[in-house]
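Here is work11.cif, consisting of mmCIF, C-alpha atoms and all ligand atoms:
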```
data_input
loop_
_atom_site.label_atom_id
_atom_site.label_comp_id
_atom_site.auth_asym_id
_atom_site.auth_seq_id
_atom_site.Cartn_x
_atom_site.Cartn_y
_atom_site.Cartn_z
CA MET A 20 -13.69 -42.27 -21.98
CA SER A 21 -13.37 -46.01 -21.41
CA LYS A 22 -13.46 -47.34 -17.86
CA THR A 23 -10.30 -48.33 -16.03
CA LEU A 24 -9.88 -51.91 -14.80
CA PHE A 25 -10.61 -50.78 -11.24
CA GLN A 26 -13.74 -48.86 -12.33
CA LYS A 27 -15.01 -52.09 -13.90
CA ILE A 28 -14.30 -53.91 -10.62
CA ALA A 29 -16.00 -51.12 -8.62
CA ASP A 30 -19.04 -51.35 -10.92
CA LYS A 31 -19.01 -55.18 -10.56
CA GLU A 32 -18.51 -55.70 -14.28
CA ILE A 33 -15.41 -57.70 -13.32
CA PRO A 34 -15.73 -59.95 -10.25
CA SER A 35 -13.57 -59.44 -7.17
CA ALA A 36 -13.43 -60.46 -3.54
CA LEU A 37 -14.98 -57.29 -2.16
CA VAL A 38 -13.90 -56.24 1.33
CA TYR A 39 -15.61 -52.85 1.64
CA GLU A 40 -17.52 -50.31 -0.44
CA ASP A 41 -19.22 -46.98 -0.01
CA ASP A 42 -20.12 -44.09 -2.31
CA GLN A 43 -16.49 -42.95 -2.60
CA VAL A 44 -14.23 -45.99 -2.34
CA VAL A 45 -14.12 -49.74 -2.88
CA ALA A 46 -11.72 -52.27 -1.36
CA PHE A 47 -11.08 -55.76 -2.68
CA LYS A 48 -8.49 -58.51 -2.38
CA ASP A 49 -5.51 -58.28 -4.73
CA ILE A 50 -5.61 -61.03 -7.36
CA ASP A 51 -1.88 -61.74 -6.83
CA PRO A 52 -1.38 -61.32 -3.08
CA GLN A 53 2.09 -60.38 -1.83
CA ALA A 54 1.26 -61.00 1.83
CA PRO A 55 -1.32 -63.07 3.77
CA THR A 56 -3.52 -59.96 3.68
CA HIS A 57 -3.32 -57.88 0.49
CA VAL A 58 -6.23 -55.53 -0.13
CA LEU A 59 -6.48 -52.68 -2.64
CA ILE A 60 -8.38 -49.57 -1.55
CA VAL A 61 -9.51 -47.59 -4.59
CA PRO A 62 -11.40 -44.32 -5.07
CA ARG A 63 -14.37 -44.64 -7.42
CA LYS A 64 -13.05 -41.48 -9.10
CA PRO A 65 -10.44 -42.59 -11.66
CA ILE A 66 -7.53 -40.43 -10.50
CA PRO A 67 -4.65 -42.09 -12.42
CA ARG A 68 -2.02 -41.79 -9.68
CA ILE A 69 -1.22 -39.64 -6.65
CA ALA A 70 0.93 -37.28 -8.76
CA GLU A 71 -2.21 -36.34 -10.68
CA ALA A 72 -4.47 -35.77 -7.69
CA ARG A 73 -5.74 -32.20 -7.42
CA PRO A 74 -6.47 -29.98 -4.41
CA GLU A 75 -10.19 -30.67 -4.89
CA ASP A 76 -9.47 -34.40 -4.34
CA HIS A 77 -8.40 -33.82 -0.73
CA LYS A 78 -11.63 -35.19 0.73
CA VAL A 79 -11.57 -38.45 -1.20
CA LEU A 80 -7.85 -38.88 -0.46
CA GLY A 81 -8.44 -38.40 3.26
CA HIS A 82 -11.36 -40.81 3.13
CA LEU A 83 -9.20 -43.37 1.31
CA LEU A 84 -6.52 -43.28 4.02
CA LEU A 85 -9.01 -43.40 6.88
CA LYS A 86 -10.77 -46.37 5.28
CA ALA A 87 -7.44 -48.14 4.80
CA ALA A 88 -6.81 -47.85 8.56
CA GLU A 89 -10.38 -48.93 9.36
CA ILE A 90 -10.15 -51.98 7.09
CA ALA A 91 -6.77 -52.93 8.60
CA ARG A 92 -8.35 -52.71 12.06
CA ARG A 93 -11.32 -54.80 10.97
CA LEU A 94 -8.98 -57.44 9.51
CA GLY A 95 -7.16 -57.68 12.85
CA LEU A 96 -3.89 -56.08 11.70
CA GLU A 97 -3.74 -53.14 14.10
CA LYS A 98 -1.56 -54.81 16.76
CA SER A 99 0.83 -56.66 14.46
CA GLY A 100 1.09 -53.74 12.04
CA TYR A 101 0.73 -53.39 8.31
CA ARG A 102 2.07 -51.47 5.35
CA LEU A 103 0.25 -49.05 3.04
CA VAL A 104 1.82 -48.58 -0.41
CA LEU A 105 1.10 -46.27 -3.35
CA ASN A 106 3.07 -47.02 -6.51
CA ASN A 107 3.49 -43.92 -8.67
CA GLY A 108 4.96 -44.37 -12.15
CA PRO A 109 7.43 -46.76 -13.79
CA HIS A 110 10.19 -46.82 -11.16
CA ALA A 111 7.63 -47.73 -8.51
CA GLY A 112 6.27 -50.58 -10.65
CA GLU A 113 2.83 -49.03 -11.12
CA ALA A 114 0.81 -51.44 -13.28
CA VAL A 115 -2.78 -50.15 -13.07
CA PRO A 116 -3.23 -46.42 -13.83
CA HIS A 117 -6.07 -45.89 -11.35
CA LEU A 118 -4.99 -44.69 -7.91
CA HIS A 119 -5.02 -47.40 -5.24
CA ILE A 120 -3.55 -48.05 -1.83
CA HIS A 121 -2.09 -51.49 -1.21
CA LEU A 122 -2.82 -52.73 2.32
CA LEU A 123 -0.30 -55.45 3.15
CA GLY A 124 -0.17 -57.39 6.39
CA GLY A 125 0.11 -60.72 8.12
CA ARG A 126 3.88 -61.09 7.78
CA GLN A 127 7.06 -59.19 8.69
CA MET A 128 7.82 -56.51 6.09
CA LYS A 129 11.36 -55.58 5.09
CA TRP A 130 12.93 -52.15 4.84
CA PRO A 131 14.21 -50.83 2.51
CA PRO A 132 11.54 -52.19 0.15
CA GLY A 133 12.68 -53.95 -3.02
P1 LIG A 201 0.26 -51.44 -8.94
O1 LIG A 201 1.49 -52.18 -9.39
O2 LIG A 201 -0.38 -50.68 -10.08
O3 LIG A 201 0.48 -50.60 -7.73
O4 LIG A 201 -0.75 -52.56 -8.45
C1 LIG A 201 -1.75 -53.12 -9.23
C2 LIG A 201 -2.27 -54.31 -8.45
O5 LIG A 201 -3.49 -54.70 -9.02
C3 LIG A 201 -1.34 -55.53 -8.47
O6 LIG A 201 -0.98 -55.88 -7.15
C4 LIG A 201 -2.19 -56.60 -9.17
O7 LIG A 201 -1.99 -57.90 -8.63
C5 LIG A 201 -3.60 -56.10 -8.94
N1 LIG A 201 -4.53 -56.50 -9.98
C6 LIG A 201 -4.34 -56.40 -11.33
N2 LIG A 201 -5.41 -56.85 -11.99
C7 LIG A 201 -6.32 -57.22 -11.04
C8 LIG A 201 -7.65 -57.76 -11.12
O8 LIG A 201 -8.21 -57.98 -12.19
N3 LIG A 201 -8.26 -58.03 -9.94
C9 LIG A 201 -7.67 -57.79 -8.73
N4 LIG A 201 -8.37 -58.11 -7.62
N5 LIG A 201 -6.43 -57.28 -8.63
C10 LIG A 201 -5.75 -57.00 -9.76
#
```
Let me see the structure of the file written as structure tokens.
Ligand code: 5GP
Amino acid sequence: MSKTLFQKIADKEIPSALVYEDDQVVAFKDIDPQAPTHVLIVPRKPIPRIAEARPEDHKVLGHLLLKAAEIARRLGLEKSGYRLVLNNGPHAGEAVPHLHIHLLGGRQMKWPPG
């Protein structure tokens, strides 16, 4: 099966501004940032979207969330706050079919989201 865009980024076949990596996840700056801080946290495993995650993925999903919080802390966003977003499917505007968490911070967010 061919690699997803984010697998190619994780494998450094496509360059990115890397923020964090370990054996399970990579995090890099979004190419089209929607906030002063906009980082994508991505499992190396190409789960297409959260709706297709399986019970056996629980460890990587937990790791993904914990790393998102750790990266936010490291980027100095803990006090001001930040938003984590997962887009699932067409109505959510999902563009890349490889699960990722958007970490957005550095400005006031609105609710409800657009
Ligand atoms: P989605 O809409 O699927 O939740 O988000 C996909 C995100 O990936 C978008 O925010 C988009 O800007 C980002 N993106 C798409 N292609 C690239 C790329 O080649 N490099 C990086 N760093 N981000 C990308």
Just how far from CA of His119 in chain A is CA of His77 in chain A, in Å to one decimal?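 Pair CA of His77 in chain A / CA of His119 in chain A returns 14.7 Å.
CA of Ala87 in chain A lies 12.7 Å from CA of Lys48 in chain A.
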Name the residues in contact with Val61 in chain A at a cut-off of 10 Å, using only C-alpha atoms, excluding same-chain residues fewer than 2 positions from it; report them as a list of chain:residue names. A:Phe25, A:Gln26, A:Ile28, A:Ala29, A:Glu40, A:Gln43, A:Val44, A:Val45, A:Ala46, A:Phe47, A:Val58, A:Leu59, A:Arg63, A:Lys64, A:Pro65, A:Ile66, A:Val79, A:Leu80, A:Leu83, A:Ala87, A:His117, A:Leu118, A:His119, A:Ile120, A:His121
When you count all atoms listed in the file, which of these residues is closest to Val104 in chain A: A:Arg92, A:His82, A:Gln127, A:Gln53?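 Using all atoms listed in the file, Val104 in chain A sits closest to A:Gln53.
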How many Å separate CA of Pro116 in chain A from CA of Arg68 in chain A? 6.3 Å
As a PyMOL selection string, please: the residues near Pro132 in chain A (cut-off 12 Å, only C-alpha atoms, same-chain neighbours under 3 positions excluded). chain A and resi 102+104+106+111+127-129
Within 7 Å of ligand LIG 201 (chain A), counting all atoms listed in the file: which residues, as a list in words?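 I would give the residues around ligand LIG 201 (chain A) as Leu24, Ser35, Ala36, Phe47, Lys48, Asp49, Ile50, Asp51, Pro52, Leu105, Asn106, Gly112, Glu113, Ala114, Val115, Pro116 and His119 of chain A.
The closest residue to Pro62 in chain A, picked from A:Gly100, A:Glu32, A:Ala91, A:Thr23 and counting all atoms listed in the file, is A:Thr23.
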Which residue of A:Leu123, A:Ile60, A:Ile69, A:Ile33 approaches Ser99 in chain A most closely, using only C-alpha atoms: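 Of A:Leu123, A:Ile60, A:Ile69, A:Ile33, the one nearest Ser99 in chain A is A:Leu123, counting only C-alpha atoms.
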Counting all atoms listed in the file, the option among A:Leu122, A:Ala70, A:Leu37, A:Met20 closest to Pro55 in chain A: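 Looking only at the distances to Pro55 in chain A, the closest residue turns out to be A:Leu122.
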Nearest to Gly108 in chain A by atom-to-atom distance, counting only C-alpha atoms, from A:Pro67, A:Trp130, A:Asp42, A:Lys22: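 Among the listed residues, A:Pro67 lies closest to Gly108 in chain A.
Between Arg93 in chain A and the residues A:Lys78, A:Gly133, A:Ala54, A:Tyr39, the shortest atom-to-atom distance, using all atoms listed in the file, involves A:Tyr39.
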Output range 78-102 of chain A from the block with N, CA, C and O atoms, as a PDB file, in the first residue's frame?
```pdb
ATOM      1  N   LYS A  78      -3.501   2.238  23.054  1.00  0.00           N
ATOM      2  CA  LYS A  78      -2.230   2.725  23.615  1.00  0.00           C
ATOM      3  C   LYS A  78      -1.682   3.871  22.795  1.00  0.00           C
ATOM      4  O   LYS A  78      -1.244   4.886  23.354  1.00  0.00           O
ATOM      5  N   VAL A  79      -1.705   3.746  21.482  1.00  0.00           N
ATOM      6  CA  VAL A  79      -1.163   4.824  20.647  1.00  0.00           C
ATOM      7  C   VAL A  79      -2.057   6.064  20.739  1.00  0.00           C
ATOM      8  O   VAL A  79      -1.560   7.199  20.740  1.00  0.00           O
ATOM      9  N   LEU A  80      -3.372   5.867  20.890  1.00  0.00           N
ATOM     10  CA  LEU A  80      -4.271   7.010  21.009  1.00  0.00           C
ATOM     11  C   LEU A  80      -4.032   7.755  22.323  1.00  0.00           C
ATOM     12  O   LEU A  80      -4.008   8.995  22.353  1.00  0.00           O
ATOM     13  N   GLY A  81      -3.828   7.006  23.382  1.00  0.00           N
ATOM     14  CA  GLY A  81      -3.512   7.633  24.670  1.00  0.00           C
ATOM     15  C   GLY A  81      -2.195   8.379  24.608  1.00  0.00           C
ATOM     16  O   GLY A  81      -2.072   9.509  25.085  1.00  0.00           O
ATOM     17  N   HIS A  82      -1.215   7.761  23.976  1.00  0.00           N
ATOM     18  CA  HIS A  82       0.108   8.373  23.832  1.00  0.00           C
ATOM     19  C   HIS A  82       0.001   9.673  23.033  1.00  0.00           C
ATOM     20  O   HIS A  82       0.614  10.690  23.384  1.00  0.00           O
ATOM     21  N   LEU A  83      -0.803   9.637  21.977  1.00  0.00           N
ATOM     22  CA  LEU A  83      -1.001  10.811  21.112  1.00  0.00           C
ATOM     23  C   LEU A  83      -1.542  11.999  21.929  1.00  0.00           C
ATOM     24  O   LEU A  83      -1.036  13.122  21.830  1.00  0.00           O
ATOM     25  N   LEU A  84      -2.553  11.729  22.746  1.00  0.00           N
ATOM     26  CA  LEU A  84      -3.160  12.798  23.551  1.00  0.00           C
ATOM     27  C   LEU A  84      -2.193  13.317  24.606  1.00  0.00           C
ATOM     28  O   LEU A  84      -2.070  14.536  24.824  1.00  0.00           O
ATOM     29  N   LEU A  85      -1.493  12.405  25.264  1.00  0.00           N
ATOM     30  CA  LEU A  85      -0.540  12.825  26.291  1.00  0.00           C
ATOM     31  C   LEU A  85       0.590  13.644  25.681  1.00  0.00           C
ATOM     32  O   LEU A  85       1.035  14.647  26.261  1.00  0.00           O
ATOM     33  N   LYS A  86       1.030  13.261  24.490  1.00  0.00           N
ATOM     34  CA  LYS A  86       2.096  14.018  23.815  1.00  0.00           C
ATOM     35  C   LYS A  86       1.586  15.380  23.378  1.00  0.00           C
ATOM     36  O   LYS A  86       2.331  16.372  23.434  1.00  0.00           O
ATOM     37  N   ALA A  87       0.329  15.458  22.961  1.00  0.00           N
ATOM     38  CA  ALA A  87      -0.241  16.758  22.583  1.00  0.00           C
ATOM     39  C   ALA A  87      -0.170  17.716  23.785  1.00  0.00           C
ATOM     40  O   ALA A  87       0.251  18.877  23.649  1.00  0.00           O
ATOM     41  N   ALA A  88      -0.548  17.221  24.950  1.00  0.00           N
ATOM     42  CA  ALA A  88      -0.508  18.063  26.157  1.00  0.00           C
ATOM     43  C   ALA A  88       0.931  18.420  26.521  1.00  0.00           C
ATOM     44  O   ALA A  88       1.223  19.560  26.912  1.00  0.00           O
ATOM     45  N   GLU A  89       1.839  17.487  26.374  1.00  0.00           N
ATOM     46  CA  GLU A  89       3.250  17.733  26.693  1.00  0.00           C
ATOM     47  C   GLU A  89       3.852  18.776  25.739  1.00  0.00           C
ATOM     48  O   GLU A  89       4.573  19.682  26.169  1.00  0.00           O
ATOM     49  N   ILE A  90       3.526  18.647  24.452  1.00  0.00           N
ATOM     50  CA  ILE A  90       4.045  19.607  23.467  1.00  0.00           C
ATOM     51  C   ILE A  90       3.462  20.996  23.748  1.00  0.00           C
ATOM     52  O   ILE A  90       4.170  22.007  23.705  1.00  0.00           O
ATOM     53  N   ALA A  91       2.180  21.062  24.057  1.00  0.00           N
ATOM     54  CA  ALA A  91       1.551  22.358  24.382  1.00  0.00           C
ATOM     55  C   ALA A  91       2.259  23.002  25.569  1.00  0.00           C
ATOM     56  O   ALA A  91       2.551  24.206  25.572  1.00  0.00           O
ATOM     57  N   ARG A  92       2.578  22.195  26.573  1.00  0.00           N
ATOM     58  CA  ARG A  92       3.272  22.690  27.765  1.00  0.00           C
ATOM     59  C   ARG A  92       4.646  23.214  27.372  1.00  0.00           C
ATOM     60  O   ARG A  92       5.044  24.311  27.745  1.00  0.00           O
ATOM     61  N   ARG A  93       5.342  22.432  26.557  1.00  0.00           N
ATOM     62  CA  ARG A  93       6.698  22.805  26.132  1.00  0.00           C
ATOM     63  C   ARG A  93       6.684  24.080  25.287  1.00  0.00           C
ATOM     64  O   ARG A  93       7.639  24.862  25.320  1.00  0.00           O
ATOM     65  N   LEU A  94       5.596  24.309  24.559  1.00  0.00           N
ATOM     66  CA  LEU A  94       5.499  25.510  23.726  1.00  0.00           C
ATOM     67  C   LEU A  94       4.938  26.700  24.502  1.00  0.00           C
ATOM     68  O   LEU A  94       4.666  27.751  23.925  1.00  0.00           O
ATOM     69  N   GLY A  95       4.735  26.521  25.797  1.00  0.00           N
ATOM     70  CA  GLY A  95       4.327  27.629  26.662  1.00  0.00           C
ATOM     71  C   GLY A  95       2.853  27.975  26.595  1.00  0.00           C
ATOM     72  O   GLY A  95       2.449  29.106  26.905  1.00  0.00           O
ATOM     73  N   LEU A  96       2.015  27.001  26.208  1.00  0.00           N
ATOM     74  CA  LEU A  96       0.593  27.280  26.010  1.00  0.00           C
ATOM     75  C   LEU A  96      -0.276  26.882  27.197  1.00  0.00           C
ATOM     76  O   LEU A  96      -1.489  27.111  27.176  1.00  0.00           O
ATOM     77  N   GLU A  97       0.332  26.296  28.224  1.00  0.00           N
ATOM     78  CA  GLU A  97      -0.485  25.703  29.292  1.00  0.00           C
ATOM     79  C   GLU A  97      -1.342  26.754  30.000  1.00  0.00           C
ATOM     80  O   GLU A  97      -2.527  26.539  30.240  1.00  0.00           O
ATOM     81  N   LYS A  98      -0.746  27.910  30.305  1.00  0.00           N
ATOM     82  CA  LYS A  98      -1.473  28.932  31.079  1.00  0.00           C
ATOM     83  C   LYS A  98      -2.546  29.618  30.227  1.00  0.00           C
ATOM     84  O   LYS A  98      -3.686  29.784  30.664  1.00  0.00           O
ATOM     85  N   SER A  99      -2.181  29.985  29.011  1.00  0.00           N
ATOM     86  CA  SER A  99      -3.131  30.712  28.157  1.00  0.00           C
ATOM     87  C   SER A  99      -4.213  29.781  27.612  1.00  0.00           C
ATOM     88  O   SER A  99      -5.326  30.218  27.315  1.00  0.00           O
ATOM     89  N   GLY A 100      -3.892  28.521  27.460  1.00  0.00           N
ATOM     90  CA  GLY A 100      -4.841  27.542  26.926  1.00  0.00           C
ATOM     91  C   GLY A 100      -4.595  27.269  25.456  1.00  0.00           C
ATOM     92  O   GLY A 100      -3.827  27.973  24.789  1.00  0.00           O
ATOM     93  N   TYR A 101      -5.274  26.243  24.991  1.00  0.00           N
ATOM     94  CA  TYR A 101      -5.083  25.818  23.590  1.00  0.00           C
ATOM     95  C   TYR A 101      -6.248  24.922  23.211  1.00  0.00           C
ATOM     96  O   TYR A 101      -7.039  24.507  24.066  1.00  0.00           O
ATOM     97  N   ARG A 102      -6.346  24.642  21.928  1.00  0.00           N
ATOM     98  CA  ARG A 102      -7.411  23.761  21.455  1.00  0.00           C
ATOM     99  C   ARG A 102      -6.819  22.571  20.723  1.00  0.00           C
ATOM    100  O   ARG A 102      -5.884  22.724  19.926  1.00  0.00           O
TER     101      ARG A 102
END
```
